[in-house]
Amino acid sequence: MLTYIYVIAITAEAMSGALAAGRRNMDMFGVALIAFLTALGGGTVRDILLGNYPVNWTQHPSYIYLTISAGLFTIVIARFMRHLHQLFLILDAMGLVAFTIIGCNVALSLNYNTPVVVMAGITTGIFGGILRDLMCNRTPQVLQHELYASVSLLVALLYLFLLDRQVDHDINLLASFSVGLALRLAAIRWQCSLPVFSYAPEKWQD
Amino acid sequence: MLTYIYVIAITAEAMSGALAAGRRNMDMFGVALIAFLTALGGGTVRDILLGNYPVNWTQHPSYIYLTISAGLFTIVIARFMRHLHQLFLILDAMGLVAFTIIGCNVALSLNYNTPVVVMAGITTGIFGGILRDLMCNRTPQVLQHELYASVSLLVALLYLFLLDRQVDHDINLLASFSVGLALRLAAIRWQCSLPVFSYAPEKWQD
Amino acid sequence: MLTYIYVIAITAEAMSGALAAGRRNMDMFGVALIAFLTALGGGTVRDILLGNYPVNWTQHPSYIYLTISAGLFTIVIARFMRHLHQLFLILDAMGLVAFTIIGCNVALSLNYNTPVVVMAGITTGIFGGILRDLMCNRTPQVLQHELYASVSLLVALLYLFLLDRQVDHDINLLASFSVGLALRLAAIRWQCSLPVFSYAPEKWQD
C-alpha cells in the first residue's frame with residue numbers, strides 16, 4: 001500500500017515543483033528538473049546523509065520518467081490547476097506522511113538510533129519542498145506556513161512509538177498515516193500554525 | 001584530448017563563477033570559493049550522488065589550485081572581460097559538452113543504468129552553474145535562458161546512442177562534442193530557447 | 001579541550017541560526033531546523049565530501065538535542081540578544097577556529113592530501129553559516145563581511161605547518177586557536193576585510 005501512495009505522492013510533488021518553476025518562468029527543462037528534485041530530492045538527501053548507496057531512484061528509472069512526465073504534463077494542465085487545488089493539497093499531504101514513514105524505515109533498516117531515524121523521516125518528508133524553494137530562490141515555505149514539517153515530526157514519533165509497542169505493522173501504518181493526514185488537512189482547513197519567531201533588531205547586524 | 005578540454009573548461013567555469021561573485025561584491029575569498037564551486041561543483045554533486053568516492057578533485061589538488069587561481073586572476077582582468085565575451089561563451093560551451101561526456105563515462109564505469117548515466121552527464125554539465133547561482137542568491141540561469149541544459153541532455157543521448165552502436169570511440173567523442181558545441185553556439189547566435197512555462201495564478205498560494 | 005569548545009561553538013552557531021530564521025519569520029520548527037543546520041551543517045558537508053560515513057552527528061544524538069534546544073531557547077531570550085552581542089561574537093569566533101581544526105583532523109585521519117585537508121577545515125568552519133544563509137534566502141555573509149572565511153584558511157595553514165614541524169600537539173592547538181581567535185576578533189574590532197571584487201558590467205549578461 002505504501003508503494004502505491006508513494007507513486008501518487010511523487011507525482012503530486014513533481015507537479016508542485018513544476019508550478020513553482022512556472023512562477024519563475026523556467027523553460028521546459030527547468031520545469032522537468034525542478035519536478036524531479038521536488039519529488040525525489042528528499043529521499044536523495046536522506047540517502048546521502050545516511051550513506052545509503054546506491055541512492056534509491058538510481059535503481060528505479062521508472063521514478064525518473066514518472067516525475068519528469070508529471071512535471072511536463074503540469075504545463076499542459078496548468079490552466080486547470082486552480083480547480084484541482086483541493087485535490088492537490090490532499091495528495092501533497094498524503095505524500096508528506098508517506099515520505100516520512102518510508103524515510104524512517106530506511107534509517108531503521110540501517111540500524112541508526114532513534115533521533116536519527118526521526119531526522120531521516122523528516123528529511124524525506126520535507127527536503128523535496130526545500131530544494132524546490134532553494135532552486136526557485138524563495139525562502140522555504142514548509143518552514144513558514146501552516147503545520148507541515150511538524151506533521152512530519154509527529155508522524156515519525158507516532159510511528160516509532162507504535163513500533164516500539166510492537167503494534168501490528170499494518171495497524172501502525174494505518175494509524176500513523178491517518179493521524180498525519182488528518183492533522184495536516186485540519187491545519188490547512190483551520191489555518192493552524194506553530195508560533196512564529198519574528199526577530200527584527202534595530203541596529204546590529206547579526 | 002578530453003583532459004585538455006576539461007582543463008580549459010574548468011578554467012572558463014571558474015572565471016564565470018568569479019564574475020558572478022563580483023556582482024555580489026564578495027571579497028577575494030568569496031571569489032575563490034565561488035570559482036572553485038562553479039568549476040568543480042558539478043562533478044562533486046555527481047560523485048556524491050553516485051557514491052563515487054573519493055570525490056574526483058580530492059585526488060587532483062592541481063584542479064583546486066587551478067580554479068582558485070583562475071578565479072583570482074579574473075579580478076585582475078575583469079575590466080577586459082567584455083572584450084573577451086565571445087571567447088568566453090565558446091569556452092563555456094566546450095566545458096558544458098566536455099563535462100557532460102565525462103559525467104556519462106563516470107556513471108558508465110560504475111555500471112549504472114542508462115537513465116542514471118544521462119542524469120550523471122547532465123548533473124556534471126550544469127550543476128556547477130546552479131551552485132554558483134544558488135550561492136549568489138539568484139534563480140539558476142541555466143534553466144531560464146537559451147538552450148543550455150538541453151544541449152547537455154542531447155549530448156548525453158547522442159554519446160550513449162553512438163556507444164550503443166559501437167561506433168569507434170574517438171569518432172563518437174568527436175561527433176558528440178562537435179554536435180553539442182555547434183548546437184550551443186547556434187542557440188546563442190540565434191537566441192534559441194525551449195518554450196518557457198510561465199505560471200502566475202491570481203489568488204491561491206501554491 | 002577541543003570537545004568543550006566544540007560544544008560551546010555548536011551552541012553559539014545554533015543561536016546564530018535561530019536569529020537568522022527569526023528574521024524570516026519562520027515558525028518554531030523552522031527555527032529548530034535552521035539552528036541544527038547552522039551548527040552541524042558544516043561538519044555534515046565535510047563528512048559527505050570526504051565520504052566519512054557515518055556522518056558525525058548521527059553517532060552523537062546529544063548534539064541534535066543540544067542544537068535544537070539552543071535554537072528554541074534563543075526565541076525566549078531574543079529580546080536580550082543585543083546585550084549579549086559581544087559575547088556572541090566571541091563564541092562564534094571560537095566556533096570558527098575549533099570547527100576548522102576539527103575539520104582538518106578528520107581529513108588527516110582519512111589520509112587526504114594537504115590541499116584537501118585545508119578545504120575540509122574551511123568547509124567545517126564556514127559551511128554551517130553558508131547553509132543558514134541559503135535557507136534564509138540571502139547571499140552568504142561569510143563571503144562578504146569582515147575577515148571570516150580567511151581566518152579559517154589561516155588557522156588551517158598554521159595548524160598544518162606546526163603539525164609538519166612536529167610541534168607538540170597541545171602547543172600547536174593552543175597556538176592555532178589563539179592566533180585564529182585573535183585575528184577574528186581584531187578583524188571585527190577594526191573592521192578589517194579582504195579586498196572586495198565589485199563587478200557591474202553595463203550591458204552584457206554574464
# chains A, B, ... in the order shown; residues from 1 in each chain; ligands from 1
call {"tool": "residues_around", "arguments": {"residues": "A:Ala32", "least_positions_apart": "3", "cutoff": "7 Å", "atoms": "only C-alpha atoms", "output": "JSON list (two decimals) with all heavy atoms, in the first residue's frame"}}
result
[["chain", "number", "residue", "atom", "x", "y", "z"],
["A", 18, "ALA", "N", 6.74, 21.69, -10.59],
["A", 18, "ALA", "CA", 6.57, 22.29, -11.90],
["A", 18, "ALA", "C", 5.88, 23.65, -11.80],
["A", 18, "ALA", "O", 6.26, 24.61, -12.48],
["A", 18, "ALA", "CB", 5.75, 21.35, -12.79],
["A", 28, "MET", "N", 11.20, 24.43, -20.35],
["A", 28, "MET", "CA", 10.71, 23.07, -20.12],
["A", 28, "MET", "C", 11.71, 22.21, -19.38],
["A", 28, "MET", "O", 11.35, 21.37, -18.56],
["A", 28, "MET", "CB", 10.37, 22.43, -21.46],
["A", 28, "MET", "CG", 9.07, 22.93, -22.06],
["A", 28, "MET", "SD", 8.85, 22.29, -23.72],
["A", 28, "MET", "CE", 8.86, 20.51, -23.40],
["A", 29, "PHE", "N", 12.98, 22.40, -19.68],
["A", 29, "PHE", "CA", 14.00, 21.63, -18.99],
["A", 29, "PHE", "C", 14.01, 21.96, -17.50],
["A", 29, "PHE", "O", 14.10, 21.07, -16.65],
["A", 29, "PHE", "CB", 15.38, 21.90, -19.59],
["A", 29, "PHE", "CG", 16.39, 20.92, -19.12],
["A", 29, "PHE", "CD1", 16.75, 19.85, -19.91],
["A", 29, "PHE", "CD2", 16.99, 21.04, -17.87],
["A", 29, "PHE", "CE1", 17.67, 18.93, -19.47],
["A", 29, "PHE", "CE2", 17.91, 20.13, -17.43],
["A", 29, "PHE", "CZ", 18.25, 19.06, -18.22],
["A", 35, "ALA", "N", 10.73, 19.53, -11.08],
["A", 35, "ALA", "CA", 9.76, 18.49, -10.75],
["A", 35, "ALA", "C", 10.46, 17.26, -10.17],
["A", 35, "ALA", "O", 10.07, 16.72, -9.13],
["A", 35, "ALA", "CB", 8.97, 18.10, -12.00],
["A", 36, "PHE", "N", 11.53, 16.85, -10.83],
["A", 36, "PHE", "CA", 12.32, 15.71, -10.37],
["A", 36, "PHE", "C", 12.88, 15.95, -8.98],
["A", 36, "PHE", "O", 12.76, 15.11, -8.08],
["A", 36, "PHE", "CB", 13.45, 15.46, -11.38],
["A", 36, "PHE", "CG", 14.43, 14.42, -10.96],
["A", 36, "PHE", "CD1", 14.15, 13.08, -11.14],
["A", 36, "PHE", "CD2", 15.63, 14.78, -10.37],
["A", 36, "PHE", "CE1", 15.05, 12.10, -10.74],
["A", 36, "PHE", "CE2", 16.54, 13.82, -9.97],
["A", 36, "PHE", "CZ", 16.25, 12.48, -10.15],
["A", 68, "ILE", "N", 9.42, 13.33, -14.25],
["A", 68, "ILE", "CA", 9.64, 14.27, -15.34],
["A", 68, "ILE", "C", 8.38, 14.42, -16.18],
["A", 68, "ILE", "O", 7.97, 15.53, -16.54],
["A", 68, "ILE", "CB", 10.85, 13.83, -16.20],
["A", 68, "ILE", "CG1", 12.13, 14.02, -15.38],
["A", 68, "ILE", "CG2", 10.91, 14.59, -17.51],
["A", 68, "ILE", "CD1", 13.39, 13.55, -16.06],
["A", 71, "GLY", "N", 5.87, 16.50, -14.37],
["A", 71, "GLY", "CA", 6.25, 17.91, -14.43],
["A", 71, "GLY", "C", 5.84, 18.53, -15.75],
["A", 71, "GLY", "O", 5.22, 19.60, -15.79],
["A", 72, "LEU", "N", 6.14, 17.83, -16.85],
["A", 72, "LEU", "CA", 5.83, 18.39, -18.17],
["A", 72, "LEU", "C", 4.32, 18.41, -18.41],
["A", 72, "LEU", "O", 3.79, 19.35, -19.02],
["A", 72, "LEU", "CB", 6.54, 17.58, -19.26],
["A", 72, "LEU", "CG", 8.07, 17.66, -19.20],
["A", 72, "LEU", "CD1", 8.70, 16.78, -20.28],
["A", 72, "LEU", "CD2", 8.54, 19.10, -19.34]]
call {"tool": "residues_around", "arguments": {"residues": "A:Leu153", "least_positions_apart": "4", "cutoff": "12 Å", "atoms": "only C-alpha atoms", "output": "PyMOL selection string"}}
result
(chain A and resi 96-97+99-101+103-104+115-126+147-149+157-160+176+180+183-184) or (chain C and resi 29+32-33)
call {"tool": "interface_residues", "arguments": {"of": "chain A", "to": "chain B", "cutoff": "9 Å", "atoms": "only C-alpha atoms", "output": "VMD selection string"}}
result
chain A and resid 16 18 to 31 33 44 48 51 53 to 55 57 to 59 61 64 to 65 75 78 to 79 82 85 134 to 137
call {"tool": "write_last_selection", "arguments": {"atoms": "N, CA, C and O atoms", "output": "CSV table (one decimal), in the first residue's frame"}}
result
chain,number,residue,atom,x,y,z
A,16,SER,N,3.8,20.0,-8.0
A,16,SER,CA,4.0,21.2,-7.2
A,16,SER,C,5.3,21.8,-7.6
A,16,SER,O,5.4,23.1,-7.6
A,18,ALA,N,6.7,21.7,-10.6
A,18,ALA,CA,6.6,22.3,-11.9
A,18,ALA,C,5.9,23.7,-11.8
A,18,ALA,O,6.3,24.6,-12.5
A,19,LEU,N,4.9,23.7,-10.9
A,19,LEU,CA,4.2,25.0,-10.8
A,19,LEU,C,5.1,26.1,-10.2
A,19,LEU,O,5.1,27.3,-10.7
A,20,ALA,N,6.0,25.7,-9.3
A,20,ALA,CA,6.9,26.7,-8.7
A,20,ALA,C,7.9,27.1,-9.8
A,20,ALA,O,8.3,28.3,-9.8
A,21,ALA,N,8.3,26.2,-10.7
A,21,ALA,CA,9.2,26.6,-11.8
A,21,ALA,C,8.5,27.5,-12.7
A,21,ALA,O,9.2,28.5,-13.2
A,22,GLY,N,7.3,27.3,-12.9
A,22,GLY,CA,6.5,28.2,-13.8
A,22,GLY,C,6.4,29.6,-13.3
A,22,GLY,O,6.4,30.6,-14.1
A,23,ARG,N,6.4,29.7,-12.0
A,23,ARG,CA,6.3,31.1,-11.4
A,23,ARG,C,7.7,31.8,-11.6
A,23,ARG,O,7.7,33.0,-11.4
A,24,ARG,N,8.7,31.1,-11.9
A,24,ARG,CA,10.0,31.7,-12.2
A,24,ARG,C,10.3,31.7,-13.7
A,24,ARG,O,11.4,31.9,-14.1
A,25,ASN,N,9.3,31.4,-14.5
A,25,ASN,CA,9.4,31.5,-16.0
A,25,ASN,C,10.5,30.6,-16.5
A,25,ASN,O,11.3,31.0,-17.3
A,26,MET,N,10.7,29.4,-15.9
A,26,MET,CA,11.7,28.5,-16.4
A,26,MET,C,11.3,27.8,-17.7
A,26,MET,O,10.1,27.8,-18.0
A,27,ASP,N,12.3,27.3,-18.4
A,27,ASP,CA,12.0,26.6,-19.6
A,27,ASP,C,11.6,25.2,-19.3
A,27,ASP,O,11.6,24.8,-18.2
A,28,MET,N,11.2,24.4,-20.3
A,28,MET,CA,10.7,23.1,-20.1
A,28,MET,C,11.7,22.2,-19.4
A,28,MET,O,11.3,21.4,-18.6
A,29,PHE,N,13.0,22.4,-19.7
A,29,PHE,CA,14.0,21.6,-19.0
A,29,PHE,C,14.0,22.0,-17.5
A,29,PHE,O,14.1,21.1,-16.7
A,30,GLY,N,13.9,23.2,-17.2
A,30,GLY,CA,13.9,23.7,-15.8
A,30,GLY,C,12.7,23.1,-15.1
A,30,GLY,O,12.8,22.6,-14.0
A,31,VAL,N,11.6,23.1,-15.8
A,31,VAL,CA,10.3,22.5,-15.2
A,31,VAL,C,10.6,21.0,-14.8
A,31,VAL,O,10.3,20.6,-13.7
A,33,LEU,N,13.4,19.5,-14.4
A,33,LEU,CA,14.4,19.3,-13.3
A,33,LEU,C,13.8,19.6,-12.0
A,33,LEU,O,14.1,18.9,-11.0
A,44,THR,N,16.7,11.6,-1.8
A,44,THR,CA,18.1,11.7,-2.2
A,44,THR,C,19.0,12.3,-1.0
A,44,THR,O,20.0,11.7,-0.7
A,48,ILE,N,22.0,10.2,1.0
A,48,ILE,CA,23.3,10.7,1.1
A,48,ILE,C,23.7,10.9,2.5
A,48,ILE,O,24.8,10.6,2.9
A,51,GLY,N,24.4,7.6,4.1
A,51,GLY,CA,25.3,6.8,3.4
A,51,GLY,C,24.6,5.6,2.8
A,51,GLY,O,25.2,4.5,2.7
A,53,TYR,N,23.9,4.0,-0.1
A,53,TYR,CA,24.1,3.9,-1.5
A,53,TYR,C,23.8,2.5,-2.0
A,53,TYR,O,23.9,1.5,-1.3
A,54,PRO,N,23.4,2.3,-3.3
A,54,PRO,CA,23.1,3.4,-4.2
A,54,PRO,C,21.8,4.1,-3.9
A,54,PRO,O,20.8,3.5,-3.3
A,55,VAL,N,21.8,5.4,-4.2
A,55,VAL,CA,20.6,6.3,-3.9
A,55,VAL,C,19.4,5.6,-4.6
A,55,VAL,O,19.5,5.1,-5.7
A,57,TRP,N,16.5,6.3,-6.2
A,57,TRP,CA,15.9,6.4,-7.5
A,57,TRP,C,16.9,5.9,-8.6
A,57,TRP,O,16.4,5.7,-9.7
A,58,THR,N,18.2,5.8,-8.3
A,58,THR,CA,19.1,5.3,-9.4
A,58,THR,C,18.8,3.9,-9.7
A,58,THR,O,19.2,3.4,-10.7
A,59,GLN,N,18.1,3.2,-8.8
A,59,GLN,CA,17.7,1.8,-9.0
A,59,GLN,C,16.3,1.6,-9.6
A,59,GLN,O,15.8,0.5,-9.8
A,61,PRO,N,14.6,3.5,-12.5
A,61,PRO,CA,14.5,4.5,-13.6
A,61,PRO,C,13.0,5.0,-13.8
A,61,PRO,O,12.8,6.1,-14.2
A,64,ILE,N,12.2,8.2,-12.4
A,64,ILE,CA,12.8,9.4,-13.1
A,64,ILE,C,11.8,9.8,-14.2
A,64,ILE,O,11.4,10.9,-14.3
A,65,TYR,N,11.3,8.8,-15.0
A,65,TYR,CA,10.4,9.1,-16.1
A,65,TYR,C,9.1,9.6,-15.5
A,65,TYR,O,8.5,10.6,-16.1
A,75,ILE,N,2.5,21.5,-17.3
A,75,ILE,CA,2.5,22.6,-18.2
A,75,ILE,C,1.2,22.7,-19.0
A,75,ILE,O,0.5,23.7,-19.1
A,78,ALA,N,-1.9,23.4,-16.6
A,78,ALA,CA,-1.7,24.4,-15.6
A,78,ALA,C,-3.0,25.3,-15.5
A,78,ALA,O,-3.3,25.7,-14.4
A,79,ARG,N,-3.7,25.5,-16.6
A,79,ARG,CA,-4.8,26.4,-16.5
A,79,ARG,C,-6.0,25.8,-15.7
A,79,ARG,O,-6.8,26.5,-15.2
A,82,ARG,N,-6.1,25.4,-10.7
A,82,ARG,CA,-6.8,26.1,-9.6
A,82,ARG,C,-8.0,25.3,-9.2
A,82,ARG,O,-8.4,25.3,-8.0
A,85,HIS,N,-7.2,22.4,-6.9
A,85,HIS,CA,-6.4,22.8,-5.7
A,85,HIS,C,-6.6,22.0,-4.5
A,85,HIS,O,-5.7,21.5,-3.9
A,134,LEU,N,14.6,26.5,-2.7
A,134,LEU,CA,16.0,27.0,-2.9
A,134,LEU,C,16.3,27.2,-4.4
A,134,LEU,O,16.8,28.3,-4.8
A,135,MET,N,15.9,26.3,-5.3
A,135,MET,CA,16.1,26.4,-6.7
A,135,MET,C,15.3,27.6,-7.3
A,135,MET,O,15.7,28.1,-8.3
A,136,CYS,N,14.2,27.9,-6.7
A,136,CYS,CA,13.3,28.9,-7.2
A,136,CYS,C,13.6,30.2,-6.4
A,136,CYS,O,12.8,31.2,-6.5
A,137,ASN,N,14.7,30.3,-5.6
A,137,ASN,CA,15.1,31.5,-5.0
A,137,ASN,C,14.0,32.1,-4.1
A,137,ASN,O,13.7,33.3,-4.1
call {"tool": "select_by_dssp", "arguments": {"residues": "stretch 126-164 of chain B", "states": "helix (DSSP H, G or I)", "output": "PyMOL selection string"}}
result
chain B and resi 126-135+141-143+149-164
call {"tool": "write_last_selection", "arguments": {"atoms": "C-alpha atoms", "output": "tab-separated table (two decimals), in the first residue's frame"}}
result
chain	number	residue	atom	x	y	z
B	126	ILE	CA	25.01	22.06	-15.33
B	127	PHE	CA	25.27	21.79	-11.52
B	128	GLY	CA	28.37	23.94	-11.25
B	129	GLY	CA	26.40	26.82	-12.72
B	130	ILE	CA	23.42	26.02	-10.49
B	131	LEU	CA	25.57	26.05	-7.33
B	132	ARG	CA	27.11	29.34	-8.48
B	133	ASP	CA	23.68	30.90	-8.83
B	134	LEU	CA	22.42	29.48	-5.52
B	135	MET	CA	25.45	30.93	-3.70
B	141	GLN	CA	20.21	30.90	-15.19
B	142	VAL	CA	20.85	27.61	-16.94
B	143	LEU	CA	17.15	26.85	-16.53
B	149	ALA	CA	20.80	22.23	-20.05
B	150	SER	CA	19.00	20.73	-23.04
B	151	VAL	CA	22.27	20.75	-25.01
B	152	SER	CA	23.72	18.68	-22.19
B	153	LEU	CA	20.81	16.23	-22.47
B	154	LEU	CA	21.20	15.90	-26.24
B	155	VAL	CA	24.97	15.36	-25.99
B	156	ALA	CA	24.44	12.63	-23.40
B	157	LEU	CA	21.83	10.89	-25.56
B	158	LEU	CA	23.92	11.13	-28.73
B	159	TYR	CA	27.04	9.87	-26.97
B	160	LEU	CA	25.20	6.88	-25.50
B	161	PHE	CA	23.49	6.12	-28.80
B	162	LEU	CA	26.80	6.03	-30.68
B	163	LEU	CA	28.32	3.99	-27.87
B	164	ASP	CA	25.48	1.51	-28.14
call {"tool": "closest_residue", "arguments": {"among": "B:Ile8, B:Ala98, B:Met81, B:Leu110", "to": "B:Leu181", "atoms": "only C-alpha atoms"}}
result
B:Ala98
call {"tool": "atom_distance", "arguments": {"atom1": "atom CA of B:Ala186", "atom2": "atom CA of B:His83"}}
result
20.2 Å
call {"tool": "residues_around", "arguments": {"residues": "B:Tyr6", "least_positions_apart": "3", "cutoff": "9 Å", "atoms": "only C-alpha atoms", "output": "PyMOL selection string"}}
result
chain B and resi 1-3+9-11+94-95+98-99+102
call {"tool": "write_last_selection", "arguments": {"atoms": "N, CA and C atoms", "output": "tab-separated table (two decimals), in the first residue's frame"}}
result
chain	number	residue	atom	x	y	z
B	1	MET	N	42.57	13.98	-25.21
B	1	MET	CA	42.01	15.23	-25.70
B	1	MET	C	40.97	15.77	-24.73
B	2	LEU	N	40.10	14.87	-24.21
B	2	LEU	CA	39.07	15.28	-23.28
B	2	LEU	C	39.67	15.95	-22.05
B	3	THR	N	40.86	15.48	-21.65
B	3	THR	CA	41.52	16.07	-20.48
B	3	THR	C	41.91	17.51	-20.74
B	9	ALA	N	38.04	23.95	-19.69
B	9	ALA	CA	36.65	24.17	-19.29
B	9	ALA	C	36.56	24.58	-17.82
B	10	ILE	N	37.28	23.91	-16.93
B	10	ILE	CA	37.15	24.30	-15.51
B	10	ILE	C	37.73	25.70	-15.32
B	11	THR	N	38.72	26.08	-16.13
B	11	THR	CA	39.23	27.45	-16.04
B	11	THR	C	38.14	28.44	-16.43
B	94	MET	N	32.29	24.67	-24.64
B	94	MET	CA	33.16	23.50	-24.66
B	94	MET	C	33.10	22.77	-23.31
B	95	GLY	N	33.07	23.56	-22.26
B	95	GLY	CA	33.01	22.97	-20.92
B	95	GLY	C	31.73	22.18	-20.71
B	98	ALA	N	32.06	18.91	-22.66
B	98	ALA	CA	33.08	18.02	-22.10
B	98	ALA	C	32.63	17.46	-20.75
B	99	PHE	N	32.10	18.32	-19.89
B	99	PHE	CA	31.60	17.88	-18.58
B	99	PHE	C	30.55	16.77	-18.74
B	102	ILE	N	32.15	13.46	-19.79
B	102	ILE	CA	32.91	12.92	-18.66
B	102	ILE	C	31.96	12.34	-17.61
call {"tool": "atom_distance", "arguments": {"atom1": "atom CA of C:Ala14", "atom2": "atom CA of C:Leu37"}}
result
7.8 Å
